[in-house]
Amino acid sequence: QVQLVESGGGLVQPGGSLRLSCAASGSTFSINTMGWYRQVPGKARELVGRITRGGSTTYTDSMKGRFTISRDNAKNTVYLQMNSLKPEDTAVYYCNALNSLNVIVAWGKGTLVTVSS
């Protein structure tokens, strides 16, 4: 089994930056792709982007430019760097892990990001 723990959320002012981390443990050898999602209460969870074990990234169009996903395979950790944050970026941010068959093997419990002055 794989366990994921997100960290790094908090309160940030509009225009600020924040870096989230997602640490994986357990059967990490089974992980190929890791993804970041976010969810606002009352709305569907939306994809921010994904990164493969090899480091290839894809992003939802609306997230491109301000959000960057990176990965440290040695630490079994992925990061989400968020810049120029806006109040509408306020959400709970989740990471997940997929195996080589693109089957989701784990979700984290999420970390809250609040963008407010």
# chains A, B, ... in the order shown; residues from 1 in each chain; ligands from 1
>>> residues_around(residues="segment 75-83 of chain A", least_positions_apart="5", cutoff="8 Å", atoms="only C-alpha atoms", output="list in words")
Gly15, Gly16, Ser17, Leu18, Arg19, Leu20, Ser21, Cys22, Ala23, Ala24, Ser25, Thr28, Met34, Trp36, Arg66, Phe67, Thr68, Ile69 and Ser70 of chain A
>>> write_last_selection(atoms="N, CA, C and O atoms", output="short mmCIF file (atom, residue, chain, number, x, y, z; two decimals), in the first residue's frame")
data_model
loop_
_atom_site.label_atom_id
_atom_site.label_comp_id
_atom_site.auth_asym_id
_atom_site.auth_seq_id
_atom_site.Cartn_x
_atom_site.Cartn_y
_atom_site.Cartn_z
N GLY A 15 -1.11 37.41 -4.37
CA GLY A 15 0.17 37.73 -4.99
C GLY A 15 1.33 36.97 -4.41
O GLY A 15 2.43 36.99 -4.97
N GLY A 16 1.09 36.29 -3.30
CA GLY A 16 2.16 35.55 -2.65
C GLY A 16 2.39 34.17 -3.26
O GLY A 16 1.75 33.79 -4.25
N SER A 17 3.34 33.47 -2.66
CA SER A 17 3.71 32.13 -3.15
C SER A 17 3.64 31.14 -2.01
O SER A 17 3.75 31.50 -0.83
N LEU A 18 3.50 29.89 -2.40
CA LEU A 18 3.46 28.81 -1.43
C LEU A 18 3.95 27.55 -2.12
O LEU A 18 3.70 27.36 -3.32
N ARG A 19 4.66 26.71 -1.38
CA ARG A 19 5.07 25.43 -1.93
C ARG A 19 4.49 24.31 -1.08
O ARG A 19 4.74 24.23 0.13
N LEU A 20 3.74 23.46 -1.73
CA LEU A 20 3.17 22.29 -1.07
C LEU A 20 4.05 21.07 -1.33
O LEU A 20 4.68 20.97 -2.38
N SER A 21 4.05 20.17 -0.37
CA SER A 21 4.78 18.92 -0.51
C SER A 21 3.83 17.74 -0.34
O SER A 21 2.83 17.84 0.38
N CYS A 22 4.16 16.66 -1.00
CA CYS A 22 3.40 15.42 -0.85
C CYS A 22 4.42 14.30 -0.70
O CYS A 22 5.13 13.98 -1.67
N ALA A 23 4.50 13.74 0.49
CA ALA A 23 5.46 12.69 0.78
C ALA A 23 4.78 11.33 0.70
O ALA A 23 3.73 11.12 1.32
N ALA A 24 5.38 10.44 -0.05
CA ALA A 24 4.85 9.08 -0.20
C ALA A 24 5.64 8.10 0.64
O ALA A 24 6.86 8.24 0.82
N SER A 25 4.95 7.11 1.16
CA SER A 25 5.59 6.04 1.92
C SER A 25 4.88 4.73 1.61
O SER A 25 3.82 4.70 0.98
N THR A 28 6.23 2.48 -2.46
CA THR A 28 6.47 3.59 -3.38
C THR A 28 7.00 3.12 -4.73
O THR A 28 6.90 3.85 -5.72
N MET A 34 2.30 11.00 -10.24
CA MET A 34 1.66 11.63 -9.09
C MET A 34 0.98 12.90 -9.56
O MET A 34 1.46 13.58 -10.47
N TRP A 36 -1.59 16.46 -8.55
CA TRP A 36 -2.13 17.43 -7.60
C TRP A 36 -3.53 17.82 -8.06
O TRP A 36 -3.75 18.09 -9.25
N ARG A 66 1.44 29.67 -13.49
CA ARG A 66 1.57 30.04 -12.10
C ARG A 66 1.92 28.86 -11.20
O ARG A 66 2.49 29.05 -10.12
N PHE A 67 1.58 27.66 -11.64
CA PHE A 67 1.81 26.46 -10.84
C PHE A 67 2.87 25.59 -11.49
O PHE A 67 2.86 25.39 -12.70
N THR A 68 3.78 25.05 -10.69
CA THR A 68 4.83 24.18 -11.17
C THR A 68 4.94 22.95 -10.28
O THR A 68 5.04 23.09 -9.06
N ILE A 69 4.91 21.80 -10.92
CA ILE A 69 5.05 20.54 -10.19
C ILE A 69 6.45 20.00 -10.41
O ILE A 69 6.95 19.99 -11.54
N SER A 70 7.08 19.54 -9.35
CA SER A 70 8.39 18.91 -9.44
C SER A 70 8.40 17.67 -8.55
O SER A 70 7.47 17.45 -7.76
#
>>> closest_residue(among="A:Ile104, A:Gly35, A:Thr114, A:Leu85", to="Ser56 of chain A", atoms="only C-alpha atoms")
A:Gly35
>>> atom_distance(atom1="atom CA of Tyr94 of chain A", atom2="atom CA of Phe29 of chain A")
20.4 Å
>>> select_by_dssp(residues="chain A", states="helix (DSSP H, G or I)", output="PyMOL selection string")
chain A and resi 28-30+61-63+73-75+87-89
>>> residues_around(residues="Tyr59 of chain A", least_positions_apart="3", cutoff="6 Å", atoms="only C-alpha atoms", output="MDAnalysis selection string")
chainID A and resid 48:49 64
>>> write_last_selection(atoms="all heavy atoms", output="mmCIF file, in the first residue's frame")
data_model
loop_
_atom_site.group_PDB
_atom_site.id
_atom_site.type_symbol
_atom_site.label_atom_id
_atom_site.label_comp_id
_atom_site.auth_asym_id
_atom_site.auth_seq_id
_atom_site.Cartn_x
_atom_site.Cartn_y
_atom_site.Cartn_z
ATOM 1 N N VAL A 48 -4.977 19.849 -11.002
ATOM 2 C CA VAL A 48 -3.996 20.917 -11.185
ATOM 3 C C VAL A 48 -2.976 20.466 -12.222
ATOM 4 O O VAL A 48 -2.729 21.154 -13.212
ATOM 5 C CB VAL A 48 -3.292 21.267 -9.865
ATOM 6 C CG1 VAL A 48 -2.195 22.292 -10.096
ATOM 7 C CG2 VAL A 48 -4.298 21.772 -8.831
ATOM 8 N N GLY A 49 -2.395 19.306 -12.007
ATOM 9 C CA GLY A 49 -1.425 18.765 -12.931
ATOM 10 C C GLY A 49 -0.863 17.450 -12.435
ATOM 11 O O GLY A 49 -1.192 16.995 -11.336
ATOM 12 N N LYS A 64 -1.577 26.580 -15.888
ATOM 13 C CA LYS A 64 -0.270 26.767 -16.499
ATOM 14 C C LYS A 64 0.265 28.165 -16.213
ATOM 15 O O LYS A 64 -0.475 29.144 -16.225
ATOM 16 C CB LYS A 64 -0.369 26.563 -18.014
ATOM 17 C CG LYS A 64 -0.602 25.131 -18.428
ATOM 18 C CD LYS A 64 -0.703 25.019 -19.948
ATOM 19 C CE LYS A 64 -0.961 23.583 -20.366
ATOM 20 N NZ LYS A 64 -1.116 23.460 -21.831
#
>>> closest_residue(among="A:Leu101, A:Thr90, A:Cys95, A:Ser30", to="Ser7 of chain A", atoms="only C-alpha atoms")
A:Cys95
>>> closest_residue(among="A:Ser100, A:Thr111, A:Thr58, A:Thr52", to="Asp72 of chain A", atoms="only C-alpha atoms")
A:Thr52
>>> residues_around(residues="Lys109 of chain A", least_positions_apart="4", cutoff="10 Å", atoms="only C-alpha atoms", output="PDB file with N, CA, C and O atoms, in the first residue's frame")
ATOM      1  N   GLN A   3       0.972   5.359   1.113  1.00  0.00           N
ATOM      2  CA  GLN A   3       0.392   6.436   1.919  1.00  0.00           C
ATOM      3  C   GLN A   3       0.970   7.760   1.442  1.00  0.00           C
ATOM      4  O   GLN A   3       2.157   7.858   1.125  1.00  0.00           O
ATOM      5  N   LEU A   4       0.098   8.756   1.394  1.00  0.00           N
ATOM      6  CA  LEU A   4       0.495  10.093   0.954  1.00  0.00           C
ATOM      7  C   LEU A   4       0.140  11.108   2.023  1.00  0.00           C
ATOM      8  O   LEU A   4      -0.972  11.068   2.569  1.00  0.00           O
ATOM      9  N   VAL A   5       1.067  12.011   2.300  1.00  0.00           N
ATOM     10  CA  VAL A   5       0.817  13.066   3.278  1.00  0.00           C
ATOM     11  C   VAL A   5       1.207  14.399   2.670  1.00  0.00           C
ATOM     12  O   VAL A   5       2.377  14.614   2.322  1.00  0.00           O
ATOM     13  N   GLU A   6       0.222  15.292   2.556  1.00  0.00           N
ATOM     14  CA  GLU A   6       0.486  16.636   2.057  1.00  0.00           C
ATOM     15  C   GLU A   6       0.863  17.560   3.205  1.00  0.00           C
ATOM     16  O   GLU A   6       0.418  17.370   4.329  1.00  0.00           O
ATOM     17  N   SER A   7       1.644  18.583   2.886  1.00  0.00           N
ATOM     18  CA  SER A   7       1.998  19.594   3.872  1.00  0.00           C
ATOM     19  C   SER A   7       2.318  20.896   3.148  1.00  0.00           C
ATOM     20  O   SER A   7       2.470  20.915   1.923  1.00  0.00           O
ATOM     21  N   VAL A  92      -8.754  23.148  -0.762  1.00  0.00           N
ATOM     22  CA  VAL A  92      -7.969  22.062  -0.188  1.00  0.00           C
ATOM     23  C   VAL A  92      -7.230  21.395  -1.346  1.00  0.00           C
ATOM     24  O   VAL A  92      -7.841  21.050  -2.371  1.00  0.00           O
ATOM     25  N   TYR A  93      -5.944  21.262  -1.189  1.00  0.00           N
ATOM     26  CA  TYR A  93      -5.106  20.674  -2.227  1.00  0.00           C
ATOM     27  C   TYR A  93      -4.756  19.235  -1.844  1.00  0.00           C
ATOM     28  O   TYR A  93      -4.289  18.982  -0.723  1.00  0.00           O
ATOM     29  N   TYR A  94      -4.959  18.348  -2.790  1.00  0.00           N
ATOM     30  CA  TYR A  94      -4.721  16.920  -2.585  1.00  0.00           C
ATOM     31  C   TYR A  94      -3.683  16.403  -3.579  1.00  0.00           C
ATOM     32  O   TYR A  94      -3.604  16.893  -4.705  1.00  0.00           O
ATOM     33  N   CYS A  95      -2.950  15.395  -3.169  1.00  0.00           N
ATOM     34  CA  CYS A  95      -2.120  14.689  -4.135  1.00  0.00           C
ATOM     35  C   CYS A  95      -2.619  13.246  -4.243  1.00  0.00           C
ATOM     36  O   CYS A  95      -3.278  12.737  -3.331  1.00  0.00           O
ATOM     37  N   ASN A  96      -2.318  12.645  -5.383  1.00  0.00           N
ATOM     38  CA  ASN A  96      -2.611  11.230  -5.535  1.00  0.00           C
ATOM     39  C   ASN A  96      -1.467  10.542  -6.252  1.00  0.00           C
ATOM     40  O   ASN A  96      -0.552  11.191  -6.769  1.00  0.00           O
TER      41      ASN A  96
END
>>> select_by_dssp(residues="chain A", states="strand (DSSP E or B)", output="ChimeraX atom specification")
/A:2-7,10-12,18-26,33-39,46-51,57-59,67-72,77-82,91-98,104-107,111-115
>>> closest_residue(among="A:Gly110, A:Pro87, A:Pro14, A:Gly54", to="Thr33 of chain A", atoms="only C-alpha atoms")
A:Gly54
>>> closest_residue(among="A:Asn32, A:Arg45, A:Thr60, A:Gln39", to="Ala91 of chain A", atoms="only C-alpha atoms")
A:Gln39
>>> closest_residue(among="A:Arg53, A:Val2, A:Ser62, A:Ser117", to="Ala74 of chain A", atoms="only C-alpha atoms")
A:Arg53
>>> atom_distance(atom1="atom CA of Val105 of chain A", atom2="atom CA of Gly8 of chain A")
22.4 Å
>>> decode(residues="chain A", atoms="C-alpha atoms", output="PDB file, in the first residue's frame")
ATOM      1  CA  GLN A   1       0.000   0.000   0.000  1.00  0.00           C
ATOM      2  CA  VAL A   2       0.955   3.622  -0.542  1.00  0.00           C
ATOM      3  CA  GLN A   3       0.392   6.436   1.919  1.00  0.00           C
ATOM      4  CA  LEU A   4       0.495  10.093   0.954  1.00  0.00           C
ATOM      5  CA  VAL A   5       0.817  13.066   3.278  1.00  0.00           C
ATOM      6  CA  GLU A   6       0.486  16.636   2.057  1.00  0.00           C
ATOM      7  CA  SER A   7       1.998  19.594   3.872  1.00  0.00           C
ATOM      8  CA  GLY A   8       2.780  23.249   3.368  1.00  0.00           C
ATOM      9  CA  GLY A   9      -0.686  24.721   3.256  1.00  0.00           C
ATOM     10  CA  GLY A  10      -1.649  27.851   5.119  1.00  0.00           C
ATOM     11  CA  LEU A  11      -2.707  31.454   4.818  1.00  0.00           C
ATOM     12  CA  VAL A  12      -1.040  33.585   2.172  1.00  0.00           C
ATOM     13  CA  GLN A  13      -1.770  37.042   0.846  1.00  0.00           C
ATOM     14  CA  PRO A  14      -2.864  37.603  -2.739  1.00  0.00           C
ATOM     15  CA  GLY A  15       0.166  37.729  -4.991  1.00  0.00           C
ATOM     16  CA  GLY A  16       2.156  35.547  -2.647  1.00  0.00           C
ATOM     17  CA  SER A  17       3.712  32.132  -3.147  1.00  0.00           C
ATOM     18  CA  LEU A  18       3.458  28.806  -1.429  1.00  0.00           C
ATOM     19  CA  ARG A  19       5.072  25.426  -1.931  1.00  0.00           C
ATOM     20  CA  LEU A  20       3.172  22.291  -1.073  1.00  0.00           C
ATOM     21  CA  SER A  21       4.778  18.916  -0.513  1.00  0.00           C
ATOM     22  CA  CYS A  22       3.401  15.423  -0.852  1.00  0.00           C
ATOM     23  CA  ALA A  23       5.457  12.690   0.781  1.00  0.00           C
ATOM     24  CA  ALA A  24       4.852   9.085  -0.202  1.00  0.00           C
ATOM     25  CA  SER A  25       5.594   6.043   1.919  1.00  0.00           C
ATOM     26  CA  GLY A  26       4.909   2.338   1.765  1.00  0.00           C
ATOM     27  CA  SER A  27       5.037   0.585  -1.590  1.00  0.00           C
ATOM     28  CA  THR A  28       6.473   3.593  -3.384  1.00  0.00           C
ATOM     29  CA  PHE A  29       8.060   1.393  -6.044  1.00  0.00           C
ATOM     30  CA  SER A  30       4.582   0.970  -7.511  1.00  0.00           C
ATOM     31  CA  ILE A  31       4.126   4.693  -8.103  1.00  0.00           C
ATOM     32  CA  ASN A  32       4.544   6.001 -11.624  1.00  0.00           C
ATOM     33  CA  THR A  33       2.609   9.246 -11.847  1.00  0.00           C
ATOM     34  CA  MET A  34       1.665  11.631  -9.087  1.00  0.00           C
ATOM     35  CA  GLY A  35      -0.938  14.318  -9.362  1.00  0.00           C
ATOM     36  CA  TRP A  36      -2.133  17.432  -7.601  1.00  0.00           C
ATOM     37  CA  TYR A  37      -5.814  18.293  -7.357  1.00  0.00           C
ATOM     38  CA  ARG A  38      -7.756  20.958  -5.546  1.00  0.00           C
ATOM     39  CA  GLN A  39     -11.267  21.223  -4.255  1.00  0.00           C
ATOM     40  CA  VAL A  40     -13.405  24.112  -3.119  1.00  0.00           C
ATOM     41  CA  PRO A  41     -16.270  23.175  -0.780  1.00  0.00           C
ATOM     42  CA  GLY A  42     -19.372  22.436  -2.799  1.00  0.00           C
ATOM     43  CA  LYS A  43     -17.458  22.005  -6.033  1.00  0.00           C
ATOM     44  CA  ALA A  44     -15.913  19.072  -7.824  1.00  0.00           C
ATOM     45  CA  ARG A  45     -12.278  18.221  -7.304  1.00  0.00           C
ATOM     46  CA  GLU A  46     -10.239  19.585 -10.209  1.00  0.00           C
ATOM     47  CA  LEU A  47      -6.913  18.534 -11.588  1.00  0.00           C
ATOM     48  CA  VAL A  48      -3.996  20.917 -11.185  1.00  0.00           C
ATOM     49  CA  GLY A  49      -1.425  18.765 -12.931  1.00  0.00           C
ATOM     50  CA  ARG A  50       0.579  15.555 -12.938  1.00  0.00           C
ATOM     51  CA  ILE A  51       4.185  14.461 -13.050  1.00  0.00           C
ATOM     52  CA  THR A  52       5.558  11.130 -14.158  1.00  0.00           C
ATOM     53  CA  ARG A  53       8.424   9.251 -12.555  1.00  0.00           C
ATOM     54  CA  GLY A  54      10.601  10.525 -15.369  1.00  0.00           C
ATOM     55  CA  GLY A  55       9.672  14.115 -14.620  1.00  0.00           C
ATOM     56  CA  SER A  56       7.284  14.862 -17.459  1.00  0.00           C
ATOM     57  CA  THR A  57       4.559  17.260 -16.406  1.00  0.00           C
ATOM     58  CA  THR A  58       1.109  18.136 -17.644  1.00  0.00           C
ATOM     59  CA  TYR A  59      -1.154  20.869 -16.333  1.00  0.00           C
ATOM     60  CA  THR A  60      -4.738  21.906 -16.632  1.00  0.00           C
ATOM     61  CA  ASP A  61      -4.730  24.902 -18.956  1.00  0.00           C
ATOM     62  CA  SER A  62      -5.937  27.338 -16.313  1.00  0.00           C
ATOM     63  CA  MET A  63      -3.068  26.318 -14.016  1.00  0.00           C
ATOM     64  CA  LYS A  64      -0.270  26.767 -16.499  1.00  0.00           C
ATOM     65  CA  GLY A  65       2.214  29.513 -15.793  1.00  0.00           C
ATOM     66  CA  ARG A  66       1.566  30.043 -12.098  1.00  0.00           C
ATOM     67  CA  PHE A  67       1.805  26.463 -10.835  1.00  0.00           C
ATOM     68  CA  THR A  68       4.832  24.176 -11.174  1.00  0.00           C
ATOM     69  CA  ILE A  69       5.051  20.537 -10.188  1.00  0.00           C
ATOM     70  CA  SER A  70       8.387  18.908  -9.440  1.00  0.00           C
ATOM     71  CA  ARG A  71       9.470  15.610  -7.999  1.00  0.00           C
ATOM     72  CA  ASP A  72      12.315  14.207  -5.918  1.00  0.00           C
ATOM     73  CA  ASN A  73      12.258  10.459  -6.466  1.00  0.00           C
ATOM     74  CA  ALA A  74      14.987   9.877  -3.875  1.00  0.00           C
ATOM     75  CA  LYS A  75      12.749  11.453  -1.243  1.00  0.00           C
ATOM     76  CA  ASN A  76       9.527  10.029  -2.685  1.00  0.00           C
ATOM     77  CA  THR A  77       8.153  13.541  -2.620  1.00  0.00           C
ATOM     78  CA  VAL A  78       6.411  15.750  -5.118  1.00  0.00           C
ATOM     79  CA  TYR A  79       6.041  19.486  -4.834  1.00  0.00           C
ATOM     80  CA  LEU A  80       3.566  22.054  -6.034  1.00  0.00           C
ATOM     81  CA  GLN A  81       5.017  25.541  -6.325  1.00  0.00           C
ATOM     82  CA  MET A  82       2.261  28.125  -6.507  1.00  0.00           C
ATOM     83  CA  ASN A  83       3.038  31.712  -7.446  1.00  0.00           C
ATOM     84  CA  SER A  84       0.970  34.879  -7.883  1.00  0.00           C
ATOM     85  CA  LEU A  85      -1.763  33.357  -5.790  1.00  0.00           C
ATOM     86  CA  LYS A  86      -5.299  34.658  -6.069  1.00  0.00           C
ATOM     87  CA  PRO A  87      -8.244  34.406  -3.681  1.00  0.00           C
ATOM     88  CA  GLU A  88      -9.871  31.965  -6.096  1.00  0.00           C
ATOM     89  CA  ASP A  89      -6.951  29.586  -5.516  1.00  0.00           C
ATOM     90  CA  THR A  90      -8.294  29.027  -2.016  1.00  0.00           C
ATOM     91  CA  ALA A  91      -9.019  25.318  -1.740  1.00  0.00           C
ATOM     92  CA  VAL A  92      -7.969  22.062  -0.188  1.00  0.00           C
ATOM     93  CA  TYR A  93      -5.106  20.674  -2.227  1.00  0.00           C
ATOM     94  CA  TYR A  94      -4.721  16.920  -2.585  1.00  0.00           C
ATOM     95  CA  CYS A  95      -2.120  14.689  -4.135  1.00  0.00           C
ATOM     96  CA  ASN A  96      -2.611  11.230  -5.535  1.00  0.00           C
ATOM     97  CA  ALA A  97      -0.469   8.424  -6.862  1.00  0.00           C
ATOM     98  CA  LEU A  98      -1.018   6.248  -9.913  1.00  0.00           C
ATOM     99  CA  ASN A  99       0.706   3.029 -10.885  1.00  0.00           C
ATOM    100  CA  SER A 100       2.053   2.176 -14.319  1.00  0.00           C
ATOM    101  CA  LEU A 101      -1.450   1.146 -15.431  1.00  0.00           C
ATOM    102  CA  ASN A 102      -2.726   4.633 -14.487  1.00  0.00           C
ATOM    103  CA  VAL A 103      -4.759   3.173 -11.649  1.00  0.00           C
ATOM    104  CA  ILE A 104      -5.008   5.414  -8.602  1.00  0.00           C
ATOM    105  CA  VAL A 105      -3.361   3.678  -5.671  1.00  0.00           C
ATOM    106  CA  ALA A 106      -3.611   6.392  -3.042  1.00  0.00           C
ATOM    107  CA  TRP A 107      -4.936   9.827  -2.133  1.00  0.00           C
ATOM    108  CA  GLY A 108      -3.635  12.112   0.538  1.00  0.00           C
ATOM    109  CA  LYS A 109      -5.927  13.780   3.062  1.00  0.00           C
ATOM    110  CA  GLY A 110      -5.292  17.239   1.712  1.00  0.00           C
ATOM    111  CA  THR A 111      -3.857  20.516   2.917  1.00  0.00           C
ATOM    112  CA  LEU A 112      -5.790  23.771   3.062  1.00  0.00           C
ATOM    113  CA  VAL A 113      -4.565  26.821   1.194  1.00  0.00           C
ATOM    114  CA  THR A 114      -6.250  30.119   1.966  1.00  0.00           C
ATOM    115  CA  VAL A 115      -5.440  33.171  -0.112  1.00  0.00           C
ATOM    116  CA  SER A 116      -6.692  36.271   1.629  1.00  0.00           C
ATOM    117  CA  SER A 117      -5.580  39.689   2.767  1.00  0.00           C
TER     118      SER A 117
END
